[in-house]
file entry22.cif (mmCIF, C-alpha atoms)
data_model
loop_
_atom_site.label_atom_id
_atom_site.label_comp_id
_atom_site.auth_asym_id
_atom_site.auth_seq_id
_atom_site.Cartn_x
_atom_site.Cartn_y
_atom_site.Cartn_z
CA MET A 1460 0.00 0.00 0.00
CA ALA A 1461 2.85 2.36 0.90
CA SER A 1462 4.58 1.66 -2.38
CA VAL A 1463 1.41 2.58 -4.29
CA ARG A 1464 1.37 5.89 -2.43
CA VAL A 1465 5.05 6.47 -3.26
CA ALA A 1466 4.45 5.70 -6.93
CA LEU A 1467 1.41 8.01 -7.03
CA ILE A 1468 3.31 10.93 -5.50
CA TRP A 1469 6.15 10.58 -8.00
CA ALA A 1470 3.76 10.09 -10.92
CA ALA A 1471 1.88 13.25 -9.93
CA LEU A 1472 5.11 15.25 -9.73
CA VAL A 1473 6.37 13.97 -13.09
CA ALA A 1474 2.98 14.70 -14.68
CA ALA A 1475 2.80 18.21 -13.19
CA ILE A 1476 6.10 19.08 -14.86
CA CYS A 1477 6.11 16.93 -18.00
CA VAL A 1478 2.53 17.54 -19.18
CA PRO A 1479 3.11 21.33 -19.58
CA ILE A 1480 6.41 20.63 -21.36
CA ALA A 1481 4.79 18.05 -23.67
CA LEU A 1482 1.90 20.42 -24.50
CA ALA A 1483 4.34 23.27 -25.20
CA MET A 1484 6.08 20.94 -27.65
CA THR A 1485 2.88 20.85 -29.70
CA SER A 1486 2.67 24.66 -29.97
CA ASP A 1487 2.25 26.12 -33.47
CA LEU A 1488 4.71 28.89 -32.61
CA LEU A 1489 7.62 26.43 -32.70
CA LYS A 1490 7.28 26.21 -36.50
CA TRP A 1491 8.43 29.80 -36.80
CA ARG A 1492 11.21 29.81 -34.24
CA GLY A 1493 14.89 29.04 -34.55
CA THR A 1494 16.60 26.25 -32.57
CA VAL A 1495 18.25 28.60 -30.08
CA TYR A 1496 14.98 30.43 -29.35
CA ILE A 1497 13.16 27.10 -28.86
CA LEU A 1498 15.89 25.89 -26.52
CA ALA A 1499 15.74 29.15 -24.54
CA GLY A 1500 11.96 28.88 -24.18
CA PHE A 1501 12.03 25.30 -22.95
CA ALA A 1502 14.85 26.11 -20.52
CA GLY A 1503 12.41 28.63 -19.01
CA ILE A 1504 9.59 26.08 -18.75
CA PHE A 1505 12.01 23.54 -17.25
CA ALA A 1506 13.13 26.12 -14.68
CA LEU A 1507 9.49 26.71 -13.72
CA GLY A 1508 9.14 22.95 -13.21
CA LEU A 1509 12.24 22.82 -11.02
CA LEU A 1510 10.64 25.44 -8.77
CA LEU A 1511 8.02 22.83 -7.89
CA VAL A 1512 10.65 20.19 -7.06
CA GLN A 1513 12.78 22.43 -4.81
CA PRO A 1514 10.46 23.02 -1.84
CA LEU A 1515 9.12 19.44 -1.97
CA LEU A 1516 12.66 18.06 -1.80
CA ILE A 1517 13.87 20.18 1.09
CA ALA A 1518 10.71 19.68 3.13
CA GLY A 1519 11.02 15.92 2.76
CA TYR A 1520 7.70 15.50 0.94
CA LEU A 1521 9.22 13.34 -1.78
CA PRO A 1522 9.28 9.70 -0.66
CA GLY A 1523 12.31 7.48 -1.13
CA PHE A 1524 14.86 10.11 -0.11
CA SER A 1525 16.65 10.17 3.21
CA ALA A 1526 16.92 13.67 4.73
CA TYR A 1527 20.57 13.76 3.68
CA ARG A 1528 19.85 12.68 0.11
CA ALA A 1529 16.93 15.08 -0.21
CA ARG A 1530 19.16 17.98 0.81
CA ARG A 1531 21.87 16.91 -1.66
CA ALA A 1532 19.24 16.64 -4.39
CA HIS A 1533 17.95 20.13 -3.45
CA HIS A 1534 21.48 21.49 -4.00
CA TRP A 1535 21.87 19.76 -7.34
CA THR A 1536 18.43 20.87 -8.48
CA GLY A 1537 19.40 24.41 -7.45
CA GLY A 1538 22.45 24.13 -9.69
CA ALA A 1539 20.27 22.87 -12.52
CA LEU A 1540 17.94 25.84 -11.96
CA VAL A 1541 20.83 28.31 -12.30
CA THR A 1542 21.94 26.51 -15.49
CA ALA A 1543 18.41 26.59 -16.92
CA VAL A 1544 18.13 30.33 -16.24
CA VAL A 1545 21.51 30.97 -17.90
CA VAL A 1546 20.41 28.97 -20.98
CA HIS A 1547 17.05 30.82 -21.00
CA VAL A 1548 18.61 34.29 -20.85
CA GLY A 1549 21.60 33.40 -23.06
CA GLY A 1550 19.39 31.86 -25.74
CA LEU A 1551 17.06 34.86 -25.77
CA TRP A 1552 20.09 37.15 -25.98
CA ILE A 1553 21.31 35.29 -29.08
CA THR A 1554 17.78 35.37 -30.57
CA SER A 1555 17.29 39.12 -30.16
CA PRO A 1556 20.06 41.04 -28.36
CA PRO A 1557 18.21 44.40 -28.17
CA ASP A 1558 15.10 42.82 -26.59
CA MET A 1559 17.18 40.98 -23.99
CA LEU A 1560 19.20 44.11 -23.23
CA ASP A 1561 15.95 46.05 -22.68
CA ALA A 1562 14.77 43.35 -20.29
CA LEU A 1563 18.01 43.23 -18.30
CA THR A 1564 18.09 47.02 -17.95
CA PHE A 1565 14.40 47.18 -16.95
CA ALA A 1566 13.64 49.22 -20.09
CA SER A 1567 11.48 46.58 -21.73
CA PRO A 1568 7.96 47.36 -22.98
CA THR A 1569 6.79 43.89 -21.91
CA PRO A 1570 5.28 43.89 -18.40
CA PHE A 1571 6.53 40.38 -17.59
CA SER A 1572 10.22 41.08 -18.20
CA PRO A 1573 11.12 42.81 -14.90
CA PHE A 1574 9.51 39.97 -12.93
CA GLY A 1575 11.70 37.46 -14.76
CA VAL A 1576 14.85 39.52 -14.34
CA ILE A 1577 14.23 40.04 -10.61
CA ALA A 1578 13.60 36.30 -10.19
CA MET A 1579 16.85 35.60 -12.08
CA TRP A 1580 18.92 37.79 -9.74
CA ALA A 1581 17.21 36.22 -6.73
CA ILE A 1582 18.10 32.73 -8.05
CA PHE A 1583 21.74 33.77 -8.48
CA ALA A 1584 21.69 35.31 -5.00
CA VAL A 1585 20.45 32.06 -3.43
CA ALA A 1586 23.21 30.12 -5.20
CA LEU A 1587 25.76 32.56 -3.79
CA LEU A 1588 24.12 32.42 -0.38
CA ALA A 1589 24.25 28.62 -0.41
CA ALA A 1590 27.99 28.75 -1.08
CA PHE A 1591 28.48 30.83 2.06
CA ARG A 1592 25.85 29.18 4.17
CA ARG A 1593 28.27 27.91 6.86
CA ARG A 1594 29.69 31.37 7.38
CA LEU A 1595 26.21 32.87 7.57
CA GLY A 1596 24.92 30.49 10.16
CA LEU A 1597 21.95 28.24 9.62
CA ARG A 1598 19.25 30.49 11.03
CA ARG A 1599 20.33 33.56 9.10
CA PHE A 1600 20.78 31.47 5.93
CA ARG A 1601 17.23 30.12 6.25
CA ILE A 1602 15.71 33.57 6.66
CA PHE A 1603 17.60 35.02 3.66
CA HIS A 1604 16.93 31.94 1.55
CA MET A 1605 13.24 32.00 2.37
CA ALA A 1606 12.88 35.71 1.52
CA LEU A 1607 14.68 35.19 -1.80
CA ALA A 1608 12.66 32.04 -2.52
CA ALA A 1609 9.47 34.08 -2.10
CA VAL A 1610 10.81 36.63 -4.61
CA ILE A 1611 11.78 33.82 -7.01
CA VAL A 1612 8.40 32.10 -6.84
CA VAL A 1613 6.28 35.26 -7.16
CA GLY A 1614 8.56 36.71 -9.86
CA THR A 1615 8.62 33.51 -11.91
CA VAL A 1616 4.88 32.83 -11.62
CA VAL A 1617 3.95 36.38 -12.68
CA HIS A 1618 6.60 36.27 -15.44
CA SER A 1619 5.31 33.04 -16.96
CA THR A 1620 1.63 33.86 -16.50
CA LEU A 1621 1.89 37.14 -18.46
CA ILE A 1622 3.89 35.64 -21.33
CA GLU A 1623 2.13 34.69 -24.53
CA GLY A 1624 4.34 31.87 -25.69
CA THR A 1625 4.44 28.17 -26.40
CA MET A 1626 2.91 26.97 -23.12
CA GLU A 1627 -0.70 25.79 -23.15
CA MET A 1628 -2.76 28.00 -20.81
CA VAL A 1629 -4.42 25.45 -18.49
CA SER A 1630 -1.28 23.37 -17.91
CA LYS A 1631 0.73 26.56 -17.37
CA ALA A 1632 -1.78 27.90 -14.83
CA SER A 1633 -1.86 24.53 -13.02
CA LEU A 1634 1.92 24.31 -12.79
CA CYS A 1635 2.10 27.93 -11.56
CA LEU A 1636 -0.54 27.23 -8.88
CA LEU A 1637 1.34 24.12 -7.74
CA VAL A 1638 4.65 26.03 -7.56
CA PHE A 1639 2.97 28.79 -5.58
CA GLY A 1640 1.11 26.38 -3.28
CA ALA A 1641 4.18 24.22 -2.58
CA ALA A 1642 6.27 27.28 -1.71
CA ILE A 1643 3.63 28.66 0.67
CA LYS A 1644 3.09 25.31 2.39
CA VAL A 1645 6.79 24.61 2.92
CA MET A 1646 7.57 28.15 4.06
CA ALA A 1647 4.65 28.20 6.50
CA ASP A 1648 5.82 24.89 7.97
CA LEU A 1649 9.39 26.10 8.27
CA VAL A 1650 8.38 29.38 9.90
CA ARG A 1651 6.22 27.49 12.42
CA ARG A 1652 9.10 25.14 13.23
CA MET A 1653 11.64 27.95 13.52
CA ARG A 1654 9.32 29.78 15.94
CA ALA A 1655 8.83 26.62 17.99
CA ALA A 1656 12.60 25.99 17.99
CA SER A 1657 13.37 29.50 19.19
CA ARG A 1658 10.96 28.88 22.06
CA GLY A 1659 13.10 25.84 22.79
CA THR A 1660 10.60 22.99 22.52
CA GLY A 1661 12.43 19.74 22.02
CA PRO A 1662 10.62 17.90 19.20
CA ALA A 1663 10.52 20.99 16.99
CA ARG A 1664 14.25 21.39 17.35
CA GLN A 1665 14.69 17.82 16.20
CA SER A 1666 12.49 18.17 13.18
CA LEU A 1667 14.30 21.35 12.21
CA SER A 1668 17.59 19.58 11.93
CA ARG A 1669 16.11 17.71 9.01
CA MET A 1670 15.71 20.83 6.89
CA MET B 323 -1.12 57.19 -29.36
CA THR B 324 -0.97 60.35 -27.31
CA THR B 325 0.47 60.70 -23.86
CA LEU B 326 -0.25 63.53 -21.49
CA MET B 327 3.01 65.26 -20.74
CA LEU B 328 3.13 67.02 -17.40
CA ASN B 329 6.49 68.67 -16.97
CA ARG B 330 7.47 71.68 -14.91
CA ARG B 331 7.09 74.06 -17.84
CA SER B 332 3.57 73.00 -18.79
CA LEU B 333 2.61 72.90 -15.13
CA LEU B 334 3.86 76.45 -14.61
CA ALA B 335 2.14 77.59 -17.79
CA ALA B 336 -1.12 75.96 -16.78
CA GLY B 337 -0.85 77.22 -13.21
CA GLY B 338 -0.01 80.71 -14.41
CA SER B 339 -2.94 80.77 -16.78
CA VAL B 340 -5.29 79.64 -14.02
CA LEU B 341 -3.99 82.47 -11.83
CA ALA B 342 -4.25 84.99 -14.67
CA THR B 343 -7.74 84.08 -15.84
CA GLY B 344 -9.23 82.92 -12.56
CA VAL B 345 -10.59 79.44 -12.07
CA SER B 346 -13.72 80.27 -14.04
CA GLY B 347 -11.74 81.68 -16.96
CA ARG B 348 -10.96 79.85 -20.16
CA LEU B 349 -8.23 77.27 -19.59
CA ALA B 350 -7.77 76.46 -23.28
CA PRO B 351 -4.87 78.86 -23.97
CA ALA B 352 -2.62 76.87 -21.64
CA PHE B 353 -3.04 73.85 -23.89
CA ALA B 354 -3.06 75.63 -27.24
CA GLN B 355 -0.24 73.40 -28.49
CA GLY B 356 -2.85 71.27 -30.29
CA VAL B 357 -2.10 67.71 -31.37
CA ALA B 358 0.88 66.42 -29.37
CA PRO B 359 3.70 64.60 -31.17
CA THR B 360 3.93 60.83 -30.82
CA ARG B 361 6.82 59.66 -28.69
CA SER B 362 8.86 56.58 -29.58
CA MET B 363 7.79 53.50 -27.64
CA PRO B 364 10.24 51.48 -25.50
CA GLY B 365 11.78 48.72 -27.61
CA GLY B 366 10.33 50.29 -30.77
CA ALA B 367 13.67 50.42 -32.58
CA ASN B 368 14.67 46.84 -31.75
CA ASN B 369 15.94 44.89 -34.78
CA TYR B 370 15.45 47.94 -37.04
CA ARG B 371 17.19 47.80 -40.43
CA LYS B 372 17.59 51.25 -41.89
CA GLY B 373 16.47 51.79 -45.46
CA ALA B 374 14.07 48.91 -46.11
CA ALA B 375 12.76 49.00 -49.70
CA ILE B 376 9.31 50.35 -50.56
CA VAL B 377 7.27 47.27 -51.45
CA ASP B 378 3.70 46.46 -52.55
CA ARG B 379 3.59 43.69 -49.99
CA ILE B 380 5.99 42.05 -47.53
CA GLY B 381 6.36 38.35 -48.41
CA LYS B 382 3.15 36.47 -49.16
CA GLY B 383 0.91 38.80 -47.14
CA GLY B 384 -2.31 37.89 -45.33
CA PHE B 385 -2.01 40.46 -42.53
CA TRP B 386 -2.61 44.22 -42.71
CA MET B 387 -0.60 46.92 -40.97
CA SER B 388 -2.23 50.32 -41.29
CA GLY B 389 -2.27 53.76 -39.72
CA THR B 390 -2.03 57.48 -40.21
CA VAL B 391 0.67 60.14 -40.22
CA ARG B 392 -0.21 63.68 -39.09
CA ARG B 393 1.66 66.84 -38.25
CA ALA B 394 2.03 67.89 -34.62
CA GLY B 395 0.16 71.04 -33.67
CA ASP B 396 -2.54 71.40 -36.34
CA GLY B 397 -2.93 67.65 -36.93
CA ALA B 398 -2.82 68.06 -40.72
CA PRO B 399 -2.43 64.76 -42.64
CA LEU B 400 1.05 64.24 -44.09
CA GLY B 401 1.11 62.64 -47.54
CA GLY B 402 4.08 60.91 -49.17
CA GLN B 403 5.72 59.95 -45.88
CA ARG B 404 7.77 56.79 -45.80
CA ILE B 405 6.86 54.35 -43.01
CA GLN B 406 8.99 51.27 -42.38
CA ILE B 407 7.42 48.13 -41.00
CA TRP B 408 8.90 44.92 -39.59
CA ALA B 409 7.89 42.07 -37.28
CA HIS B 410 8.41 38.43 -36.43
CA THR B 411 6.05 36.71 -38.87
CA THR B 412 5.29 33.28 -40.27
CA GLU B 413 7.90 34.03 -42.94
CA GLY B 414 10.82 35.23 -40.89
CA GLN B 415 12.29 36.52 -37.66
CA GLU B 416 12.35 40.18 -36.76
CA HIS B 417 15.97 40.85 -37.73
CA GLU B 418 15.81 39.05 -41.08
CA PRO B 419 15.69 41.24 -44.22
CA GLN B 420 12.59 39.53 -45.65
CA SER B 421 10.62 40.64 -42.57
CA HIS B 422 11.15 44.32 -43.42
CA GLY B 423 9.43 46.63 -45.88
CA ALA B 424 8.32 50.24 -46.33
CA THR B 425 5.33 52.10 -47.75
CA LEU B 426 4.26 55.70 -48.39
CA THR B 427 1.26 57.55 -46.98
CA ASP B 428 -1.47 58.75 -49.38
CA LYS B 429 -2.64 62.39 -49.56
CA ASP B 430 -4.86 61.85 -46.51
CA GLY B 431 -1.84 60.70 -44.49
CA ARG B 432 -2.98 57.08 -44.46
CA PHE B 433 -0.79 54.02 -45.03
CA ARG B 434 -1.59 50.35 -45.37
CA LEU B 435 0.83 47.50 -46.09
CA GLU B 436 0.11 43.81 -46.45
CA MET B 437 2.58 41.52 -44.70
CA PRO B 438 2.76 37.93 -43.38
CA GLN B 439 0.88 37.01 -40.20
CA ILE B 440 2.58 38.42 -37.09
CA ILE B 441 3.19 35.82 -34.38
CA PRO B 442 4.15 36.29 -30.73
CA ILE B 443 7.84 36.89 -30.15
CA PHE B 444 9.43 37.60 -26.79
CA GLY B 445 6.09 36.93 -25.14
CA GLN B 446 3.92 39.41 -27.06
CA PRO B 447 2.44 39.50 -30.57
CA HIS B 448 3.66 42.89 -31.77
CA GLY B 449 4.85 44.83 -34.80
CA HIS B 450 7.40 47.58 -35.33
CA LEU B 451 7.03 50.78 -37.34
CA ALA B 452 9.43 53.60 -37.97
CA TYR B 453 9.34 57.09 -39.41
CA ASP B 454 13.02 57.84 -40.04
CA SER B 455 13.31 60.11 -43.10
CA GLY B 456 14.83 63.22 -41.56
CA GLU B 457 12.25 65.92 -42.33
CA PHE B 458 10.49 65.22 -39.05
CA GLU B 459 11.87 63.79 -35.83
CA THR B 460 12.36 60.03 -35.90
CA VAL B 461 9.64 57.94 -34.22
CA PHE B 462 9.70 54.20 -33.52
CA LEU B 463 6.43 52.47 -32.60
CA ARG B 464 5.83 49.00 -31.20
CA PRO B 465 2.06 48.30 -31.17
CA VAL B 466 0.85 45.08 -29.50
CA MET B 467 -1.98 42.97 -30.93
CA ARG B 468 -5.01 42.38 -28.68
CA SER B 469 -4.96 38.75 -29.78
CA ALA B 470 -2.32 36.72 -31.61
CA LYS B 471 -5.16 35.65 -33.97
CA ASP B 472 -5.77 39.23 -35.19
CA LYS B 473 -5.32 39.74 -38.92
CA SER B 474 -4.49 43.44 -38.70
CA LEU B 475 -2.79 46.03 -36.54
CA GLU B 476 -2.82 49.84 -36.46
CA ALA B 477 -0.30 52.47 -35.48
CA HIS B 478 -0.57 56.25 -35.72
CA PHE B 479 2.14 58.86 -36.02
CA VAL B 480 2.04 62.55 -35.11
CA LEU B 481 5.35 64.02 -36.25
CA GLN B 482 7.11 67.22 -35.29
CA PRO B 483 9.63 68.97 -37.55
CA ALA B 484 13.20 67.92 -36.91
#

call {"tool": "encode", "arguments": {"input": "entry22.cif", "output": "structure tokens"}}
result
Amino acid sequence: MASVRVALIWAALVAAICVPIALAMTSDLLKWRGTVYILAGFAGIFALGLLLVQPLLIAGYLPGFSAYRARRAHHWTGGALVTAVVVHVGGLWITSPPDMLDALTFASPTPFSPFGVIAMWAIFAVALLAAFRRRLGLRRFRIFHMALAAVIVVGTVVHSTLIEGTMEMVSKASLCLLVFGAAIKVMADLVRRMRAASRGTGPARQSLSRM
Amino acid sequence: MTTLMLNRRSLLAAGGSVLATGVSGRLAPAFAQGVAPTRSMPGGANNYRKGAAIVDRIGKGGFWMSGTVRRAGDGAPLGGQRIQIWAHTTEGQEHEPQSHGATLTDKDGRFRLEMPQIIPIFGQPHGHLAYDSGEFETVFLRPVMRSAKDKSLEAHFVLQPA
């Protein structure tokens, strides 16, 4: 029975990410786009998908991972997220340098661009933060990471929602809602546990060490 | 497209005229500048290729770009003005030469050019237009389509002497 539950959770996660990607692959717009532009677009969709995986991993919601392995996977997924963003921005730069320059300098006419650019800088900032997390101290790292994660999630969700691109609308909205919901749930849990830990209750302290 | 410009000079002028005429007086003289010139839109000049040829149609057509060109101040129609048009279409990307073309306005200041269907690029279905002939100040426009399925798009120029 437990294994059925495990399989269902993983199947749901894979579907939540792969169905939007598969539907985007059927978009008419792809016919009129170059390879680099297509690659850049899908790197963006993939990055949106990774934003669903990240909170689930670190909160231990994905079965089959020990706490240690889940944290390692969270780091690797974070690295993949940075790579996906670099491919997304780099590919768009190659496709149309002036449009990308406008976006990066917040001079773009498209309302979604600043949200994407802010999310990008927040993603890079988390990667940098993670590299210095020992020096920062765990508590301070968690607070900074959580604040930046909120910026990343809101920025990315608004960015992708406003874009008229290859993604199919319903699957895009569903994935965005899941990303948003997962982030809120995991952050609320963490805040509750951090508060309990600072009050010094034993079990909360133990469960915190898992994160 | 007209934008209301509120800078210190116009504010002082308007404020001064209110003081001079009294609140019940005629406020029109403060805004006697008439039809305001169109300002270039952000991103309007992106992927511009100077000197696109005047053509009867860009590519195979199927989509209509149209608009008007008027003079700032009195709003008089400007005939014989060269308007350049480009976009990401079903026949080419924005920067590619086959996506560019130009047309002239008629005596009523109207222009209309058939081009391939515009499709969304960089997240928005949009076209680009330029007035860049020297007699008037250069203006770059970047109108956005209400729907990617639209078969036409409009843009209007109000030019001021260079």

call {"tool": "closest_atom_pairs", "arguments": {"input": "entry22.cif", "of": "chain A", "to": "chain B", "cutoff": "6 Å", "atoms": "only C-alpha atoms", "output": "tab-separated table"}}
result
residue	atom	partner	partner_atom	distance
A:Trp1491	CA	B:Thr412	CA	5.8
A:Pro1557	CA	B:Asn368	CA	5.6
A:Pro1568	CA	B:Pro364	CA	5.3
A:Ile1622	CA	B:Gly445	CA	4.6
A:Glu1623	CA	B:Gly445	CA	4.6
A:Gly1624	CA	B:Gly445	CA	5.4

call {"tool": "write_last_selection", "arguments": {"input": "entry22.cif", "atoms": "C-alpha atoms", "output": "mmCIF file, in the frame of the given file"}}
result
data_model
loop_
_atom_site.group_PDB
_atom_site.id
_atom_site.type_symbol
_atom_site.label_atom_id
_atom_site.label_comp_id
_atom_site.auth_asym_id
_atom_site.auth_seq_id
_atom_site.Cartn_x
_atom_site.Cartn_y
_atom_site.Cartn_z
ATOM 1 C CA TRP A 1491 8.430 29.800 -36.800
ATOM 2 C CA PRO A 1557 18.210 44.400 -28.170
ATOM 3 C CA PRO A 1568 7.960 47.360 -22.980
ATOM 4 C CA ILE A 1622 3.890 35.640 -21.330
ATOM 5 C CA GLU A 1623 2.130 34.690 -24.530
ATOM 6 C CA GLY A 1624 4.340 31.870 -25.690
#

call {"tool": "residues_near_point", "arguments": {"input": "entry22.cif", "point": "(12.4, 46.3, -49.1)", "cutoff": "7 Å", "atoms": "all atoms listed in the file", "output": "mmCIF file with C-alpha atoms, in the coordinates of the input"}}
result
data_model
loop_
_atom_site.group_PDB
_atom_site.id
_atom_site.type_symbol
_atom_site.label_atom_id
_atom_site.label_comp_id
_atom_site.auth_asym_id
_atom_site.auth_seq_id
_atom_site.Cartn_x
_atom_site.Cartn_y
_atom_site.Cartn_z
ATOM 1 C CA ALA B 374 14.070 48.910 -46.110
ATOM 2 C CA ALA B 375 12.760 49.000 -49.700
ATOM 3 C CA ILE B 376 9.310 50.350 -50.560
ATOM 4 C CA VAL B 377 7.270 47.270 -51.450
ATOM 5 C CA HIS B 422 11.150 44.320 -43.420
ATOM 6 C CA GLY B 423 9.430 46.630 -45.880
ATOM 7 C CA ALA B 424 8.320 50.240 -46.330
#

call {"tool": "resolve_selection", "arguments": {"input": "entry22.cif", "expression": "the PyMOL selection byres ((chain A and resi 1649) around 10)", "output": "list of chain:residue names"}}
result
A:Ala1518, A:Arg1601, A:Ile1602, A:Met1605, A:Ile1643, A:Lys1644, A:Val1645, A:Met1646, A:Ala1647, A:Asp1648, A:Val1650, A:Arg1651, A:Arg1652, A:Met1653, A:Arg1654, A:Ala1655, A:Ser1666, A:Leu1667, A:Met1670

call {"tool": "resolve_selection", "arguments": {"input": "entry22.cif", "expression": "the PyMOL selection byres ((chain A and resi 1582) around 10)", "output": "PyMOL selection string"}}
result
chain A and resi 1537-1538+1540-1541+1544+1576-1581+1583-1588+1604+1607-1608+1610-1612

call {"tool": "atom_distance", "arguments": {"input": "entry22.cif", "atom1": "CA of Val1473 (chain A)", "atom2": "CA of Leu1511 (chain A)"}}
result
10.4 Å

call {"tool": "atom_distance", "arguments": {"input": "entry22.cif", "atom1": "CA of Ala1539 (chain A)", "atom2": "CA of Cys1477 (chain A)"}}
result
16.3 Å

call {"tool": "residues_around", "arguments": {"input": "entry22.cif", "residues": "Ser362 (chain B)", "least_positions_apart": "6", "cutoff": "12 Å", "atoms": "only C-alpha atoms", "output": "number ranges by chain"}}
result
A: 1568; B: 323-325, 368, 450-454, 459-465, 477-481

call {"tool": "resolve_selection", "arguments": {"input": "entry22.cif", "expression": "the PyMOL selection byres ((chain B and resi 379-388) around 8)", "output": "PDB file with C-alpha atoms, in the frame of the given file"}}
result
ATOM      1  CA  VAL B 377       7.270  47.270 -51.450  1.00  0.00           C
ATOM      2  CA  ASP B 378       3.700  46.460 -52.550  1.00  0.00           C
ATOM      3  CA  GLY B 389      -2.270  53.760 -39.720  1.00  0.00           C
ATOM      4  CA  THR B 390      -2.030  57.480 -40.210  1.00  0.00           C
ATOM      5  CA  GLU B 413       7.900  34.030 -42.940  1.00  0.00           C
ATOM      6  CA  GLN B 420      12.590  39.530 -45.650  1.00  0.00           C
ATOM      7  CA  SER B 421      10.620  40.640 -42.570  1.00  0.00           C
ATOM      8  CA  HIS B 422      11.150  44.320 -43.420  1.00  0.00           C
ATOM      9  CA  GLY B 423       9.430  46.630 -45.880  1.00  0.00           C
ATOM     10  CA  ARG B 432      -2.980  57.080 -44.460  1.00  0.00           C
ATOM     11  CA  PHE B 433      -0.790  54.020 -45.030  1.00  0.00           C
ATOM     12  CA  ARG B 434      -1.590  50.350 -45.370  1.00  0.00           C
ATOM     13  CA  LEU B 435       0.830  47.500 -46.090  1.00  0.00           C
ATOM     14  CA  GLU B 436       0.110  43.810 -46.450  1.00  0.00           C
ATOM     15  CA  MET B 437       2.580  41.520 -44.700  1.00  0.00           C
ATOM     16  CA  PRO B 438       2.760  37.930 -43.380  1.00  0.00           C
ATOM     17  CA  GLN B 439       0.880  37.010 -40.200  1.00  0.00           C
ATOM     18  CA  ILE B 440       2.580  38.420 -37.090  1.00  0.00           C
ATOM     19  CA  LYS B 473      -5.320  39.740 -38.920  1.00  0.00           C
ATOM     20  CA  SER B 474      -4.490  43.440 -38.700  1.00  0.00           C
ATOM     21  CA  LEU B 475      -2.790  46.030 -36.540  1.00  0.00           C
ATOM     22  CA  GLU B 476      -2.820  49.840 -36.460  1.00  0.00           C
ATOM     23  CA  ALA B 477      -0.300  52.470 -35.480  1.00  0.00           C
TER      24      ALA B 477
END

call {"tool": "atom_distance", "arguments": {"input": "entry22.cif", "atom1": "CA of Ser1572 (chain A)", "atom2": "CA of His1618 (chain A)"}}
result
6.6 Å

call {"tool": "residues_around", "arguments": {"input": "entry22.cif", "residues": "Cys1635 (chain A)", "least_positions_apart": "3", "cutoff": "6 Å", "atoms": "only C-alpha atoms", "output": "count of residues only"}}
result
3

call {"tool": "residues_around", "arguments": {"input": "entry22.cif", "residues": "region 392-401 of chain B", "least_positions_apart": "4", "cutoff": "7 Å", "atoms": "all atoms listed in the file", "output": "PDB file with C-alpha atoms, keeping the file's coordinate frame"}}
result
ATOM      1  CA  GLN B 355      -0.240  73.400 -28.490  1.00  0.00           C
ATOM      2  CA  GLY B 356      -2.850  71.270 -30.290  1.00  0.00           C
ATOM      3  CA  VAL B 357      -2.100  67.710 -31.370  1.00  0.00           C
ATOM      4  CA  ALA B 358       0.880  66.420 -29.370  1.00  0.00           C
ATOM      5  CA  PRO B 359       3.700  64.600 -31.170  1.00  0.00           C
ATOM      6  CA  THR B 427       1.260  57.550 -46.980  1.00  0.00           C
ATOM      7  CA  ASP B 428      -1.470  58.750 -49.380  1.00  0.00           C
ATOM      8  CA  LYS B 429      -2.640  62.390 -49.560  1.00  0.00           C
ATOM      9  CA  ASP B 430      -4.860  61.850 -46.510  1.00  0.00           C
ATOM     10  CA  GLY B 431      -1.840  60.700 -44.490  1.00  0.00           C
ATOM     11  CA  PHE B 479       2.140  58.860 -36.020  1.00  0.00           C
ATOM     12  CA  VAL B 480       2.040  62.550 -35.110  1.00  0.00           C
ATOM     13  CA  LEU B 481       5.350  64.020 -36.250  1.00  0.00           C
ATOM     14  CA  GLN B 482       7.110  67.220 -35.290  1.00  0.00           C
TER      15      GLN B 482
END

call {"tool": "closest_residue", "arguments": {"input": "entry22.cif", "among": "A:Ser1619, A:Ala1502, A:His1533, A:Thr1542", "to": "Pro1570 (chain A)", "atoms": "all atoms listed in the file"}}
result
A:Ser1619

call {"tool": "residues_around", "arguments": {"input": "entry22.cif", "residues": "His1547 (chain A)", "least_positions_apart": "4", "cutoff": "9 Å", "atoms": "only C-alpha atoms", "output": "count of residues only"}}
result
12

call {"tool": "axis_aligned_box", "arguments": {"input": "entry22.cif", "around": "region 1470-1482 of chain A", "padding_each_side": "5 Å", "output": "AutoDock Vina command-line options"}}
result
--center_x 4.1 --center_y 15.7 --center_z -17.1 --size_x 14.5 --size_y 21.2 --size_z 24.8

call {"tool": "build_atoms", "arguments": {"input": "entry22.cif", "residues": "region 1485-1489 of chain A", "atoms": "N, CA and C atoms", "output": "PDB file, keeping the file's coordinate frame"}}
result
ATOM      1  N   THR A1485       3.836  20.922 -28.592  1.00  0.00           N
ATOM      2  CA  THR A1485       2.880  20.850 -29.700  1.00  0.00           C
ATOM      3  C   THR A1485       2.493  22.238 -30.210  1.00  0.00           C
ATOM      4  N   SER A1486       3.063  23.291 -29.602  1.00  0.00           N
ATOM      5  CA  SER A1486       2.670  24.660 -29.970  1.00  0.00           C
ATOM      6  C   SER A1486       3.009  24.981 -31.435  1.00  0.00           C
ATOM      7  N   ASP A1487       2.059  25.672 -32.091  1.00  0.00           N
ATOM      8  CA  ASP A1487       2.250  26.120 -33.470  1.00  0.00           C
ATOM      9  C   ASP A1487       3.436  27.072 -33.606  1.00  0.00           C
ATOM     10  N   LEU A1488       3.673  27.840 -32.539  1.00  0.00           N
ATOM     11  CA  LEU A1488       4.710  28.890 -32.610  1.00  0.00           C
ATOM     12  C   LEU A1488       6.086  28.308 -32.909  1.00  0.00           C
ATOM     13  N   LEU A1489       6.298  27.038 -32.520  1.00  0.00           N
ATOM     14  CA  LEU A1489       7.620  26.430 -32.700  1.00  0.00           C
ATOM     15  C   LEU A1489       8.027  26.374 -34.170  1.00  0.00           C
TER      16      LEU A1489
END
